[in-house]
Amino acid sequence: MTVESTAARKPRRSAGTKKSPSPKPELVQLLTPEGKRVKNAENAMYDKYVADLTPEDLRGLYRDMVLTRRFDAEATSLQRQGELGLWASLLGQEAAQIGSGRATREDDYVFPTYREHGVAWCRGVDPANLLGMFRGVNNGGWDPNSNNFQLYTIVIGSQTLHATGYAMGIAKDGADSAVIAYFGDGASSQGDVAESFTFSAVYNAPVVFFCQNNQWAISEPTEKQTRVPLYQRAQGYGFPGVRVDGNDVLACLAVTKWALERARSGEGPTLVEAYTYRMGAHTTSDDPTRYRGDEERQAWEAKDPILRLRQYLESENHADEGFFAELETESEALGRRVREAVRAMPDPDHLAIFENVYADGHALVDEERAQFAAYQASFADAEGGK
Amino acid sequence: MTVESTAARKPRRSAGTKKSPSPKPELVQLLTPEGKRVKNAENAMYDKYVADLTPEDLRGLYRDMVLTRRFDAEATSLQRQGELGLWASLLGQEAAQIGSGRATREDDYVFPTYREHGVAWCRGVDPANLLGMFRGVNNGGWDPNSNNFQLYTIVIGSQTLHATGYAMGIAKDGADSAVIAYFGDGASSQGDVAESFTFSAVYNAPVVFFCQNNQWAISEPTEKQTRVPLYQRAQGYGFPGVRVDGNDVLACLAVTKWALERARSGEGPTLVEAYTYRMGAHTTSDDPTRYRGDEERQAWEAKDPILRLRQYLESENHADEGFFAELETESEALGRRVREAVRAMPDPDHLAIFENVYADGHALVDEERAQFAAYQASFADAEGGK
Amino acid sequence: MAEKMALAKAINESLRKALEADPKVLVMGEDVGKLGGVFRVTDGLQKDFGEGRVIDTPLAESGIVGTAIGLALRGYRPVVEIQFDGFVFPAYDQIVTQLAKMHARSLGKVKLPVVVRIPYGGGIGAVEHHSESPEALFAHVAGLKIVSPSNSSDAYWMMQQAIQSDDPVIFFEPKRRYWDKAEVNTEAIPGPLHKAQVVRAGTDLTLAAYGPMVKLCQEVADAAAEEGRSLEVLDLRSVSPLDFDTIQASVEKTRRLVVVHEAPVFFGSGAEIAARITERCFYHLEAPVLRVGGYHAPYPPARLEEEYLPGLDRVLDAVDRALAY
Amino acid sequence: MAEKMALAKAINESLRKALEADPKVLVMGEDVGKLGGVFRVTDGLQKDFGEGRVIDTPLAESGIVGTAIGLALRGYRPVVEIQFDGFVFPAYDQIVTQLAKMHARSLGKVKLPVVVRIPYGGGIGAVEHHSESPEALFAHVAGLKIVSPSNSSDAYWMMQQAIQSDDPVIFFEPKRRYWDKAEVNTEAIPGPLHKAQVVRAGTDLTLAAYGPMVKLCQEVADAAAEEGRSLEVLDLRSVSPLDFDTIQASVEKTRRLVVVHEAPVFFGSGAEIAARITERCFYHLEAPVLRVGGYHAPYPPARLEEEYLPGLDRVLDAVDRALAY
Ligand SMILES: Cc1ncc(C[n+]2csc(CCOP(=O)(O)OP(=O)(O)O)c2C)c(N)n1
Ligand SMILES: Cc1ncc(C[n+]2csc(CCOP(=O)(O)OP(=O)(O)O)c2C)c(N)n1
Ligand SMILES: [Mg+2]
Ligand SMILES: [Mg+2]
């Protein structure tokens, strides 16, 4: 049996980019894991985007994160109960999603992956609607245009090109809306993502690429995708890249606002890398104990996005017991509502197979639908006849 | 009729990368357009790779470029005479190709596009063999493994992944060979090229990406592919990128040697952008007067790669009249030999359609071959019967 | 107003008309701008409609189709050019997984009126990847419509209809017919996009083809007529959907069918037509449906393409074989 | 030595044996290392053979296949995993244009012994893109060989043969059968890779299938037997080439053929089989070749897949219809 110990030659000295200094700050953080506000010169250009948040605003962000987490937990348990076939949990990524989601304007357009439940929440998509595809009753259960929130995209990276094209359209229309495209650290390797960087740069499209680097692509750590920090990818395409503490909702909000403003004002694309952690399994089908230890998770637990904002709210007296208690009640109600909505979700009509294959119809679909209907009717007849 | 004047919003201020300083020098040049040797501190790290070239070596490079140009001109005229269906001329890119080609070692492996006639020459591929595919008698007329020179690849960018995989194999074997992958400025937009950057960086594969930026992808100028210099693309993937004067054979030789040495010594991939110009049409089917003016071409004529080396050779007394005269004779002989070889190239046997579709055979191919043979024989019979 | 026009010019005029009629129509692709495309199909359009409507894209087919999808989501109607058949595959994922399925995925909320133009087929003596006929690889995929005109008039009208369609349409242009001239009545009202046409009536056998092979089949019918055989020729025009009703009606009359296409026979359009028509006309057929097409081999170098492609003799041979049953 | 093994485990053992026997064999793909693949087909292989032989790749299918081609050029024999059927399309260009054609392009000088493993098909209640059957999209392309085992023993041996083949092989693994156990005699000498097998003899009608549908066809034959009908069941095993000789021999006996696959009927394998068998057995067939497969619609959400996929009743219905002729 041949056993080799390494996959590839290791660089004798560290790789090429050491000469190009990283932009400052290397990680935008406005709230420490302990819940302290960070203010310094390096952060100032971002800080101004959250400087005038009121206590109510801050409580709102907290509420968003708590409800998102509660919804996510409910979905996970619905999967365990067999109500859903699968669930992709966002646990740990609440700040990245709520921060960036709350930075968007109503007329902006969002292109998510399959994990952006927090962003969907910010966009006003009914959480229950997100569950249809995981239950298997549809492949996308909301109208993308009602909330300018595209359907979940499962094939990795594809949506970044759609986002870029949409942004090109905004530019053509002379509108000042912007687009935000979500993708993961794993997705950064897909050719489509690279092509979306090229197109958006060449056409100076108003799009923000928001990469949630949650350290893992199923079982593969980010080192299997890149040997330098991902935010640096952007500079070689001619637009800026910024790494933000993805567990810091204020920093995510600020940096995304800044990037969206760049887009609106004709400065083109930006890459934001939200440095965060996937606290749970990749999906309910995954078993992370096969590929990662518990220490890593524990280290990230100390950086929990919800806890740190709570500490800040409390230390600043921005929220009292009543607020937290009420939110607890609201959470439970949300969980209940979602649970009931899912259980009540009807199975689709069998003929739905043939619906919406084409907008203008197709002779073969018509033919097959008719055959199928006749075939099904033959059983009904048979049963009826008994 | 709606007429818009711009394709996209223009950036209000120049795009993102202005903060990251470009590596020094911005363009590696060791020989000016006037044929003067450039020596300075910035160039020193490259200069050492050509410091010990003898006058004979220099004459060799000159000879390579002249013969390549002569061959290329012959092919163009063979196309005009109807002997070839198409030709993709390298006119203007001789220095980029001879410089980089001569930097390779016999055990290195080359992955070309369809325009690397000069590199093929350096690898010892018989020029006449390059013409088979342009004549339409085959899709690749040489054994890639005889000279470690892959077949021409027409689908843009594909070969960069093959090169990366090959380089991964070299690393696995523990060999100290390296790979060089050629591609164009247009190709830089293809997802495959981006993926080859990702794979080569992650596996630290010994590969040099050699991009001949000849300013045009058929009718599209490089600005349609990128808004920053192409060599900068590499840094975001974690390896160095260098721009070299692609019309300076010494600089191309030096920079490629440096990059290949990095690969051999375990430092992984490098991107070299050879800044050059496609002096002719994209191919013999193309009509560049539709999309570019003559001034540009004239400006580049002043930077001709062959002329500048000749001036240097003459000013240093490295070559005399006899050398140039002899080379002239050799050129003509080469042209003649190629012309005769092409004219003598037999059409392939009809049954070649069915050859080499599979290495281990395929029942359907056997069946169709037999039917085809019988069908063709029926004509022969019919004719014989007359 | 009828005018003689080359097929490429007819498409050019059709694109021009669409660009004029609807500000949401865009033309995108590699070299479609100043150059007017390598076949000049988009000649002059950028000059007249500007770089905002006729867009030279980066060299990346997945990017072209992917951004066209995004533009369609924004309300545009992009007409995308793939430079040659063999270069569509980098965009294959975006086409079959996104373009084809987004309407269904969104339960009908999203429409993607994108036309993907692909000059296809051989016979022009080109190098590798410039002569392929990949239509079957798209027809198997639900959500796409696949058409291919055979003449200038259809090219003009079918392009109008494709652009107006709210479904994605893969528009295969028979490149070897680009220079063939025929009358185009730009004021005629065309029949439905996906309806086949009987381009020559006959009684002994039906020849069914589309795109570049229709002209060949007409020549075959001429040659057969000299031998006293009356062949009916169908121009299918649409590969998805296939107009089985028209084929069936013809075969019920002639009782024999030969399908001709440039694409390889194995898993090609002819297979689907043969299978379904045999089912529909089982008691009518006097002979099995025969297929004439490319072999199960990569498209060969130019000097062999005449042997590889269906030609007059090979189709006549199939006709003879079918008639011999 | 025969052992009961799940199909996934049989492939795992086969890969292990190949990795042991030939240092040039590599296993590559997303999550094939520590995780052992999402279906655990590569479980334990990286632990035993190291990261140099069992390689977790970046998340980029074109890159996986493209670098596998490069590794094959260097003398390696990569076995590549595509995580699910619907994710093969980003690699489609590298597969159909490079992997399939490089042997011919090089006039036989280059061989590319690359195996592309694709877990395919539905029936596992998955989300979109995880249940497709794209084999026809590869079978149309010359230069590729396409196989699909239906049981553990074939899975074991066909993988051995695929790895030994000097041609690229697309190896479609019937994911819904991964957990089905059957005997695997790891010392048996297998028949040729591309030969179909009569897995049940019968006289009234032939059912032809491959991969996940073979088991269904056996159940259909059981059910039909109760009604006094004797069905012959063929496990085709190979989609390119198709073993028409074996099908023909069976149909000459039974005079009726029903082809079953999960992939959409339109332009699917059944079309090619119907067309060719009708040609070969024109005077033997008592009924048209009938096809049972998916509809011309995107693979539906899980709660509809039972209706979409061929099931016992639908196949029996086709059998009845064929027998009614
Ligand atoms: C093209 C494609 N290949 C493979 C997969 C299977 N897959 C689903 S999620 C995933 C990992 C994605 O990682 P990342 O981009 O980091 O996002 P995350 O799941 O961490 O949010 C993979 C490989 C897919 N969905 N699409
Ligand atoms: C995938 C693909 N798309 C389109 C083409 C058509 N095409 C051939 S060469 C070319 C331009 C290539 O430009 P560049 O990469 O700069 O190389 P150059 O020709 O300038 O050497 C194009 C678009 C192709 N060969 N492959
Ligand atoms: Mg991730
Ligand atoms: Mg170029």
# chains A, B, ... in the order shown; residues from 1 in each chain; ligands from 1
>>> interface_residues(of="chain B", to="chain C", cutoff="8 Å", atoms="only C-alpha atoms", output="compact mmCIF listing (two decimals) with N, CA and C atoms, in the first residue's frame")
# COMPACT_ATOMS: atom_id res chain seq x y z
N MET B 1 -35.53 55.36 -32.86
CA MET B 1 -34.36 54.51 -32.56
C MET B 1 -33.67 55.01 -31.29
N THR B 2 -33.50 54.10 -30.36
CA THR B 2 -32.87 54.48 -29.09
C THR B 2 -31.36 54.36 -29.20
N VAL B 3 -30.69 55.40 -28.87
CA VAL B 3 -29.23 55.34 -28.93
C VAL B 3 -28.65 55.74 -27.58
N GLU B 4 -27.89 54.84 -26.99
CA GLU B 4 -27.19 55.18 -25.76
C GLU B 4 -25.71 55.25 -26.06
N SER B 5 -25.03 56.09 -25.36
CA SER B 5 -23.64 56.27 -25.75
C SER B 5 -22.66 55.45 -24.93
N THR B 6 -23.07 55.00 -23.77
CA THR B 6 -22.10 54.25 -22.98
C THR B 6 -22.65 52.92 -22.56
N ALA B 7 -21.75 51.95 -22.41
CA ALA B 7 -22.16 50.60 -22.08
C ALA B 7 -22.47 50.47 -20.60
N ALA B 8 -21.87 51.26 -19.79
CA ALA B 8 -22.03 51.11 -18.35
C ALA B 8 -21.66 52.40 -17.67
N GLY B 85 -6.70 26.38 -44.66
CA GLY B 85 -8.03 26.95 -44.50
C GLY B 85 -8.00 28.21 -43.66
N LEU B 86 -6.99 28.30 -42.80
CA LEU B 86 -6.93 29.37 -41.81
C LEU B 86 -5.51 29.45 -41.31
N MET B 133 -3.51 21.07 -38.86
CA MET B 133 -4.86 21.44 -38.42
C MET B 133 -5.39 22.64 -39.17
N PHE B 134 -4.48 23.52 -39.60
CA PHE B 134 -4.93 24.70 -40.35
C PHE B 134 -5.24 24.35 -41.81
N ARG B 135 -4.65 23.25 -42.25
CA ARG B 135 -4.97 22.76 -43.60
C ARG B 135 -6.25 21.92 -43.56
N GLY B 136 -6.53 21.39 -42.39
CA GLY B 136 -7.74 20.57 -42.27
C GLY B 136 -7.49 19.09 -42.48
N VAL B 137 -6.25 18.65 -42.32
CA VAL B 137 -6.00 17.21 -42.48
C VAL B 137 -5.99 16.49 -41.14
N ASN B 138 -5.85 17.25 -40.06
CA ASN B 138 -5.95 16.64 -38.73
C ASN B 138 -6.33 17.74 -37.74
N ASN B 139 -6.52 17.35 -36.49
CA ASN B 139 -6.81 18.36 -35.46
C ASN B 139 -5.62 18.56 -34.53
N ILE B 154 -7.96 25.14 -28.84
CA ILE B 154 -8.72 26.22 -29.47
C ILE B 154 -9.75 26.81 -28.50
N VAL B 155 -10.34 25.96 -27.69
CA VAL B 155 -11.35 26.48 -26.76
C VAL B 155 -10.61 27.25 -25.66
N GLY B 186 -7.65 37.92 -23.70
CA GLY B 186 -9.07 37.58 -23.71
C GLY B 186 -9.35 36.39 -22.80
N ALA B 187 -8.50 35.40 -22.88
CA ALA B 187 -8.68 34.19 -22.09
C ALA B 187 -8.72 34.46 -20.60
N SER B 188 -8.12 35.55 -20.18
CA SER B 188 -8.07 35.83 -18.75
C SER B 188 -9.46 35.93 -18.14
N SER B 189 -10.48 36.14 -18.96
CA SER B 189 -11.85 36.26 -18.44
C SER B 189 -12.53 34.91 -18.21
N GLN B 190 -11.98 33.86 -18.77
CA GLN B 190 -12.64 32.55 -18.67
C GLN B 190 -12.56 31.99 -17.26
N GLY B 191 -13.65 31.42 -16.80
CA GLY B 191 -13.68 30.77 -15.50
C GLY B 191 -12.60 29.71 -15.33
N ILE B 218 -9.61 39.09 -30.68
CA ILE B 218 -10.24 39.41 -31.96
C ILE B 218 -10.46 40.94 -31.99
N SER B 219 -11.73 41.39 -31.89
CA SER B 219 -11.98 42.84 -32.05
C SER B 219 -12.05 43.58 -30.73
N GLU B 220 -11.88 42.86 -29.62
CA GLU B 220 -12.07 43.52 -28.33
C GLU B 220 -10.75 43.90 -27.68
N LYS B 224 -11.96 45.49 -22.39
CA LYS B 224 -13.22 44.74 -22.30
C LYS B 224 -13.07 43.51 -21.40
N GLN B 225 -11.83 43.23 -20.99
CA GLN B 225 -11.61 42.06 -20.13
C GLN B 225 -11.25 42.46 -18.71
N ASP B 286 -9.96 37.30 -40.34
CA ASP B 286 -10.32 38.52 -39.63
C ASP B 286 -9.98 39.76 -40.46
N ARG B 290 -11.87 46.90 -39.38
CA ARG B 290 -13.20 47.19 -38.86
C ARG B 290 -13.17 47.72 -37.44
N TYR B 291 -12.11 47.45 -36.72
CA TYR B 291 -12.16 47.80 -35.30
C TYR B 291 -10.93 48.50 -34.74
N ASP B 347 -4.26 14.11 -48.12
CA ASP B 347 -5.54 14.11 -47.41
C ASP B 347 -5.63 12.83 -46.59
N PRO B 348 -6.32 12.91 -45.48
CA PRO B 348 -6.43 11.69 -44.66
C PRO B 348 -7.32 10.67 -45.34
N HIS B 350 -10.33 8.28 -45.70
CA HIS B 350 -11.69 8.52 -45.22
C HIS B 350 -11.99 7.78 -43.92
N ILE B 353 -11.92 8.99 -40.03
CA ILE B 353 -13.02 9.49 -39.20
C ILE B 353 -13.22 8.60 -37.98
N PHE B 354 -13.04 7.29 -38.19
CA PHE B 354 -13.40 6.34 -37.14
C PHE B 354 -12.20 5.92 -36.29
N VAL B 357 -11.20 7.28 -32.00
CA VAL B 357 -12.31 7.82 -31.23
C VAL B 357 -12.20 7.28 -29.80
N LEU B 364 -20.27 0.71 -31.41
CA LEU B 364 -20.96 1.52 -32.39
C LEU B 364 -19.99 2.06 -33.44
N VAL B 365 -18.81 2.46 -32.99
CA VAL B 365 -17.82 2.96 -33.94
C VAL B 365 -17.45 1.85 -34.92
N GLU B 368 -20.37 1.49 -37.34
CA GLU B 368 -20.46 2.58 -38.32
C GLU B 368 -19.29 2.55 -39.30
>>> select_by_dssp(residues="segment 89-227 of chain D", states="strand (DSSP E or B)", output="ChimeraX atom specification")
/D:115-120,145-147,169-174,181-185,197-200,205-209
>>> closest_atom_pairs(of="chain C", to="chain D", cutoff="8 Å", atoms="only C-alpha atoms", output="tab-separated table")
residue	atom	partner	partner_atom	distance
C:Gly86	CA	D:Thr97	CA	7.8
C:Phe89	CA	D:Asp93	CA	4.6
C:Pro90	CA	D:Asp93	CA	5.2
C:Tyr92	CA	D:Phe89	CA	6.4
C:Asp93	CA	D:Phe89	CA	4.6
C:Thr97	CA	D:Gly86	CA	7.8
C:Lys101	CA	D:Pro298	CA	6.5
C:Ala104	CA	D:Pro298	CA	7.4
C:Ala136	CA	D:Phe267	CA	6.9
C:Leu137	CA	D:Leu137	CA	5.4
C:Ala139	CA	D:Phe267	CA	6.8
C:His140	CA	D:Phe267	CA	5.0
C:Val141	CA	D:His296	CA	7.4
C:Ala142	CA	D:Ala297	CA	5.0
C:Gly143	CA	D:Ala297	CA	7.0
C:Pro264	CA	D:His140	CA	7.2
C:Phe266	CA	D:His140	CA	5.8
C:Phe267	CA	D:His140	CA	5.0
C:Gly268	CA	D:His140	CA	6.8
C:Ser269	CA	D:Phe267	CA	6.9
C:Ala271	CA	D:Glu272	CA	4.9
C:Glu272	CA	D:Ala271	CA	4.9
C:Ala274	CA	D:Ala275	CA	5.4
C:Ala275	CA	D:Ala275	CA	5.3
C:Arg276	CA	D:Ala271	CA	7.9
C:Thr278	CA	D:Pro288	CA	6.2
C:Glu279	CA	D:Pro288	CA	5.2
C:Phe282	CA	D:Pro288	CA	6.2
C:Ala287	CA	D:Phe282	CA	7.4
C:Pro288	CA	D:Glu279	CA	5.2
C:Val289	CA	D:Glu279	CA	7.1
C:Leu290	CA	D:Glu279	CA	7.4
C:His296	CA	D:Ala142	CA	5.2
C:Ala297	CA	D:Ala142	CA	5.0
C:Pro298	CA	D:Ala142	CA	5.9
>>> select_by_dssp(residues="segment 105-187 of chain A", states="helix (DSSP H, G or I)", output="number ranges by chain")
A: 117-123, 127-130, 132-135, 158-173, 186-187
>>> residues_around(residues="His284 of chain C", least_positions_apart="3", cutoff="8 Å", atoms="only C-alpha atoms", output="PyMOL selection string")
chain C and resi 251-252+255+281
>>> write_last_selection(atoms="N, CA, C and O atoms", output="mmCIF file, in the first residue's frame")
data_model
loop_
_atom_site.group_PDB
_atom_site.id
_atom_site.type_symbol
_atom_site.label_atom_id
_atom_site.label_comp_id
_atom_site.auth_asym_id
_atom_site.auth_seq_id
_atom_site.Cartn_x
_atom_site.Cartn_y
_atom_site.Cartn_z
ATOM 1 N N VAL C 251 -46.382 11.029 -42.615
ATOM 2 C CA VAL C 251 -46.011 9.611 -42.641
ATOM 3 C C VAL C 251 -47.241 8.727 -42.844
ATOM 4 O O VAL C 251 -47.156 7.677 -43.483
ATOM 5 N N GLU C 252 -48.361 9.162 -42.341
ATOM 6 C CA GLU C 252 -49.571 8.362 -42.588
ATOM 7 C C GLU C 252 -49.884 8.308 -44.076
ATOM 8 O O GLU C 252 -50.481 7.361 -44.567
ATOM 9 N N ARG C 255 -45.963 6.690 -45.566
ATOM 10 C CA ARG C 255 -45.656 5.412 -44.931
ATOM 11 C C ARG C 255 -44.161 5.125 -44.762
ATOM 12 O O ARG C 255 -43.758 4.045 -44.333
ATOM 13 N N CYS C 281 -47.371 5.825 -35.546
ATOM 14 C CA CYS C 281 -47.743 5.345 -36.896
ATOM 15 C C CYS C 281 -47.402 3.872 -37.070
ATOM 16 O O CYS C 281 -47.028 3.440 -38.168
#
>>> residues_around(residues="segment 247-258 of chain B", least_positions_apart="6", cutoff="8 Å", atoms="only C-alpha atoms", output="number ranges by chain")
B: 28-33, 46-50, 61, 92-96, 98-104, 208, 272, 274-276, 303-305, 308-309
>>> write_last_selection(atoms="N, CA and C atoms", output="compact mmCIF listing (two decimals), in the first residue's frame")
# COMPACT_ATOMS: atom_id res chain seq x y z
N VAL B 28 9.03 44.91 -16.71
CA VAL B 28 10.44 44.49 -16.78
C VAL B 28 10.93 44.63 -18.21
N GLN B 29 11.95 45.43 -18.38
CA GLN B 29 12.52 45.65 -19.71
C GLN B 29 14.03 45.60 -19.59
N LEU B 30 14.66 44.78 -20.39
CA LEU B 30 16.12 44.67 -20.34
C LEU B 30 16.76 45.21 -21.62
N LEU B 31 15.91 45.47 -22.60
CA LEU B 31 16.40 45.96 -23.89
C LEU B 31 15.38 46.98 -24.38
N THR B 32 15.81 48.21 -24.58
CA THR B 32 14.87 49.23 -25.01
C THR B 32 14.50 49.02 -26.48
N PRO B 33 13.42 49.67 -26.90
CA PRO B 33 13.05 49.57 -28.32
C PRO B 33 14.20 49.98 -29.23
N TYR B 46 16.00 39.91 -12.19
CA TYR B 46 15.74 39.19 -13.44
C TYR B 46 16.98 39.17 -14.32
N ASP B 47 17.69 40.28 -14.30
CA ASP B 47 18.83 40.44 -15.21
C ASP B 47 19.82 39.30 -15.07
N LYS B 48 19.96 38.81 -13.84
CA LYS B 48 20.96 37.77 -13.65
C LYS B 48 20.70 36.52 -14.49
N TYR B 49 19.46 36.35 -14.90
CA TYR B 49 19.16 35.16 -15.71
C TYR B 49 19.64 35.29 -17.15
N VAL B 50 19.98 36.49 -17.57
CA VAL B 50 20.52 36.63 -18.94
C VAL B 50 21.92 37.21 -18.92
N LEU B 61 18.91 33.56 -30.30
CA LEU B 61 17.58 34.12 -30.05
C LEU B 61 17.10 34.90 -31.27
N GLY B 92 4.63 39.86 -34.41
CA GLY B 92 4.74 40.83 -33.33
C GLY B 92 5.00 40.19 -31.98
N GLN B 93 4.70 38.91 -31.87
CA GLN B 93 4.81 38.24 -30.58
C GLN B 93 6.04 37.32 -30.51
N GLU B 94 6.98 37.53 -31.43
CA GLU B 94 8.12 36.62 -31.49
C GLU B 94 8.96 36.64 -30.22
N ALA B 95 9.15 37.84 -29.65
CA ALA B 95 10.01 37.92 -28.47
C ALA B 95 9.37 37.22 -27.29
N ALA B 96 8.08 37.44 -27.12
CA ALA B 96 7.37 36.81 -26.01
C ALA B 96 7.49 35.29 -26.10
N ILE B 98 9.69 33.37 -28.14
CA ILE B 98 11.04 32.81 -28.15
C ILE B 98 11.69 32.99 -26.77
N GLY B 99 11.47 34.14 -26.18
CA GLY B 99 12.05 34.36 -24.86
C GLY B 99 11.53 33.34 -23.85
N SER B 100 10.23 33.17 -23.79
CA SER B 100 9.68 32.21 -22.83
C SER B 100 9.98 30.78 -23.24
N GLY B 101 9.89 30.51 -24.53
CA GLY B 101 10.13 29.14 -24.99
C GLY B 101 11.56 28.69 -24.70
N ARG B 102 12.52 29.60 -24.93
CA ARG B 102 13.92 29.24 -24.68
C ARG B 102 14.23 29.15 -23.19
N ALA B 103 13.34 29.65 -22.38
CA ALA B 103 13.55 29.54 -20.93
C ALA B 103 13.21 28.15 -20.41
N THR B 104 12.48 27.38 -21.20
CA THR B 104 12.05 26.06 -20.71
C THR B 104 13.17 25.04 -20.85
N VAL B 208 3.93 27.96 -14.55
CA VAL B 208 4.03 29.38 -14.90
C VAL B 208 2.89 29.69 -15.86
N VAL B 272 2.99 35.52 -15.49
CA VAL B 272 3.78 36.48 -16.27
C VAL B 272 2.87 37.07 -17.33
N ALA B 274 3.06 39.14 -20.58
CA ALA B 274 3.97 39.69 -21.59
C ALA B 274 3.18 40.73 -22.39
N TYR B 275 3.59 41.95 -22.23
CA TYR B 275 2.87 43.08 -22.82
C TYR B 275 3.37 43.26 -24.24
N THR B 276 2.51 42.88 -25.20
CA THR B 276 2.97 42.86 -26.58
C THR B 276 1.83 43.29 -27.50
N LYS B 303 8.42 49.31 -31.81
CA LYS B 303 8.93 48.48 -30.71
C LYS B 303 9.21 47.06 -31.18
N ASP B 304 9.38 46.90 -32.48
CA ASP B 304 9.52 45.56 -33.05
C ASP B 304 10.57 44.72 -32.31
N PRO B 305 10.22 43.51 -31.97
CA PRO B 305 11.14 42.67 -31.18
C PRO B 305 12.39 42.25 -31.93
N ARG B 308 14.84 45.37 -32.54
CA ARG B 308 15.59 45.88 -31.38
C ARG B 308 16.75 44.96 -31.03
N LEU B 309 16.55 43.65 -31.20
CA LEU B 309 17.68 42.76 -30.91
C LEU B 309 18.77 42.93 -31.97
>>> residues_near_ligand(ligand="ligand 3", cutoff="8 Å", atoms="only C-alpha atoms and all ligand atoms", output="JSON, numbers by chain")
{"A": [184, 185, 186, 187, 212, 213, 214, 215, 216, 217, 218, 222, 278]}
>>> closest_residue(among="A:Gly268, A:Pro206, A:Gly118, A:Gly157", to="ligand 1", atoms="only C-alpha atoms and all ligand atoms")
A:Gly157
>>> closest_residue(among="B:Phe239, B:Phe199, B:Trp87, B:Phe209", to="chain A", atoms="only C-alpha atoms")
B:Phe239
